[in-house]
Each structure stands twice: as structure tokens, then as C-alpha cells.
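Here is the structure we will look at, set down as C-alpha cells.
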Amino acid sequence: MSTKAFKQEKIEAMKEKFAKAKVAVVTEYRGLTVEEITNLRRALQKEEGDYMVTKNTLAKVASKGTQYEVLADALKGPVAIAFGFKDEVAPAKVMTKFIKDAKKGEIIGAALDGKFLDANETKKLATLPSKEELYAKILGSINSPASGIVGSINAVMSGLVRAIDQVAKQKAS
């Protein structure tokens with residue numbers, strides 16, 4: 001049986017994760033082996049996240065007073081929380097892919113900016129592009145008009161050079 005000090009230590013560790021996290025995804029881990037959970041945790045860590053199996057009461061206490069307090073109703077049964085510390089989309093993507101591949105587990109919901117997202121909304125979140133992909137698209141959009149202008153100027157200049165060359169050849173003949 002857990003001691004009070006041990007429980008307090010777990011609560012403090014969770015409070016730290018909630019304080020650093022940009023998103024928290026609640027999942028059911030029933031049927032997953034320790035090896036699968038370890039692989040899932042590693043996949044999330046590559047995306048600067050973490051996966052924590054916890055007691056629901058401890059998670060509720062740790063989330064009190066934070067934007068993740070909205071998860072309280074989702075913390076029922078054997079659940080774990082996937083945290084995203086850098087990207088809001090990555091944990092949902094990793095969890096969705098893992099559940100699809102393993103055919104085990106289930107997304108219950110997520111908390112993002114103090115709002116609860118149900119399972120369907122969390123799966124939709126997983127379809128969004130990551131920040132890096134969005135940055136690349138924005139830069140591409142910004143560079144596109146400039147590239148077009150450069151191409152147009154080059155085409156006009158090339159045409160002018162060819163025309164002058166043709167006139168010079170005609171006068172030389």
C-alpha cells in the first residue's frame with residue numbers, strides 16, 4: 001500500500017508535468033503490455049512528450065487549479081496521460097497512430113488551453129499539421145510571390161537580351 005509521502009511525491013511530479021505541458025491526452029491503456037507502454041513512452045519522448053500511468057485520484061489532485069482540471073471527468077478506469085511539452089498536436093498524433101497500429105487502447109479525451117476535447121475532437125487534433133509543417137507552409141507562401149516576381153523579371157530581361165541580340169545580328173548582316 002502506498003504511503004502518504006509516496007503519494008505526495010507522485011502528485012508533485014504530476015503537477016510539474018501539468019505546469020510544463022501544452023496539452024494532455026487521456027487514454028485507456030487496458031490490454032497494453034509493459035513493453036508496449038515503454039515503446040509508446042519512447043515515441044512520445046522523441047516528440048518532447050511523456051506518458052504517465054497514474055491513479056485517477058492523484059491525477060485529479062495534481063490537476064486542481066490548472067487548465068487541466070477539465071480532465072477530472074475523463075479520469076475513470078485504467079487511464080494514462082500523454083503530455084506534450086513542445087507541440088500541441090504531436091501527442092495526439094503519436095497516440096492515434098499507436099492505437100491504430102497496436103489495435104489496443106483508446107483515446108478518452110484531451111485538455112488544450114483549458115478546454116476539454118472529447119475523443120473525436122482529439123482525433124481531429126491529430127490530423128492537424130505540426131508547427132514545423134505550418135511554418136514551412138507559411139514560409140512557402142511568403143516566398144512564392146517573391147519567387148514569381150524574380151521569375152517574371154528574369155523572363156523580361158531574357159527576352160530583352162534576346163531581342164537586342166537579334167537586332168545586333170541583323171545590323172551585322
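Residue numbers start at 1 in each chain; chains themselves are named A, B, ... in the order of the C-alpha cells; ligands are numbered from 1 in the order shown.
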
Considering only alpha helix (DSSP H) as DSSP defines it on the backbone, what residues of range 104-165 of chain A qualify? List them as number ranges by chain.
A: 119-127, 131-165

Go through range 108-164 of chain A and flag each residue having an atom no more than 12 Å from range 13-32 of chain A; for those, report the closest pair of atoms plus their distance in Å to one decimal, using only C-alpha atoms, ordered by chain and rising number, as a tab-separated table.
residue	atom	partner	partner_atom	distance
A:Ile108	CA	A:Thr27	CA	5.2
A:Gly109	CA	A:Val26	CA	5.4
A:Ala110	CA	A:Val25	CA	4.1
A:Ala111	CA	A:Ala24	CA	5.4
A:Leu112	CA	A:Val23	CA	5.1
A:Asp113	CA	A:Val23	CA	7.6
A:Gly114	CA	A:Val23	CA	9.2
A:Lys115	CA	A:Val23	CA	10.1
A:Phe116	CA	A:Ala24	CA	9.8
A:Leu117	CA	A:Val25	CA	9.0
A:Asp118	CA	A:Val26	CA	9.8
A:Ala119	CA	A:Val26	CA	9.1
A:Glu121	CA	A:Val25	CA	11.2
A:Thr122	CA	A:Val25	CA	7.9
A:Lys123	CA	A:Val25	CA	10.4
A:Leu125	CA	A:Val25	CA	10.7
A:Ala126	CA	A:Val25	CA	10.9

Prev. selection, C-alpha atoms, output as an mmCIF file, in the first residue's frame:
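Wrote again_3.cif, looks like this:
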data_model
loop_
_atom_site.group_PDB
_atom_site.id
_atom_site.type_symbol
_atom_site.label_atom_id
_atom_site.label_comp_id
_atom_site.auth_asym_id
_atom_site.auth_seq_id
_atom_site.Cartn_x
_atom_site.Cartn_y
_atom_site.Cartn_z
ATOM 1 C CA ILE A 108 -10.732 9.226 -23.987
ATOM 2 C CA GLY A 109 -10.125 12.932 -24.447
ATOM 3 C CA ALA A 110 -7.666 15.760 -24.085
ATOM 4 C CA ALA A 111 -7.225 19.143 -22.472
ATOM 5 C CA LEU A 112 -5.958 22.020 -24.595
ATOM 6 C CA ASP A 113 -5.954 25.661 -23.494
ATOM 7 C CA GLY A 114 -8.269 24.892 -20.592
ATOM 8 C CA LYS A 115 -10.878 23.206 -22.780
ATOM 9 C CA PHE A 116 -11.855 19.541 -22.794
ATOM 10 C CA LEU A 117 -11.730 17.810 -26.171
ATOM 11 C CA ASP A 118 -13.671 14.557 -26.480
ATOM 12 C CA ALA A 119 -12.234 11.506 -28.263
ATOM 13 C CA GLU A 121 -12.043 16.151 -31.290
ATOM 14 C CA THR A 122 -8.737 14.702 -30.085
ATOM 15 C CA LYS A 123 -8.542 12.503 -33.191
ATOM 16 C CA LEU A 125 -6.419 17.361 -33.471
ATOM 17 C CA ALA A 126 -4.143 14.510 -34.561
#

Selection near Phe98 in chain A, 10 Å with only C-alpha atoms, sequence-local residues under 5 positions removed, as a list in words
Glu36, Asn39, Leu40, Ala43, Ala92, Lys93, Lys103, Lys104, Gly105 and Glu106 of chain A

To one decimal place in Å, what is the distance between CA of Val156 in chain A and CA of Ser141 in chain A?
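CA of Val156 in chain A sits 23.4 Å away from CA of Ser141 in chain A.
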
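Distances here use only C-alpha atoms; by that measure, the residue among A:Ala5, A:Ala102, A:Ala136, A:Val94 closest to Glu35 in chain A is A:Ala102.
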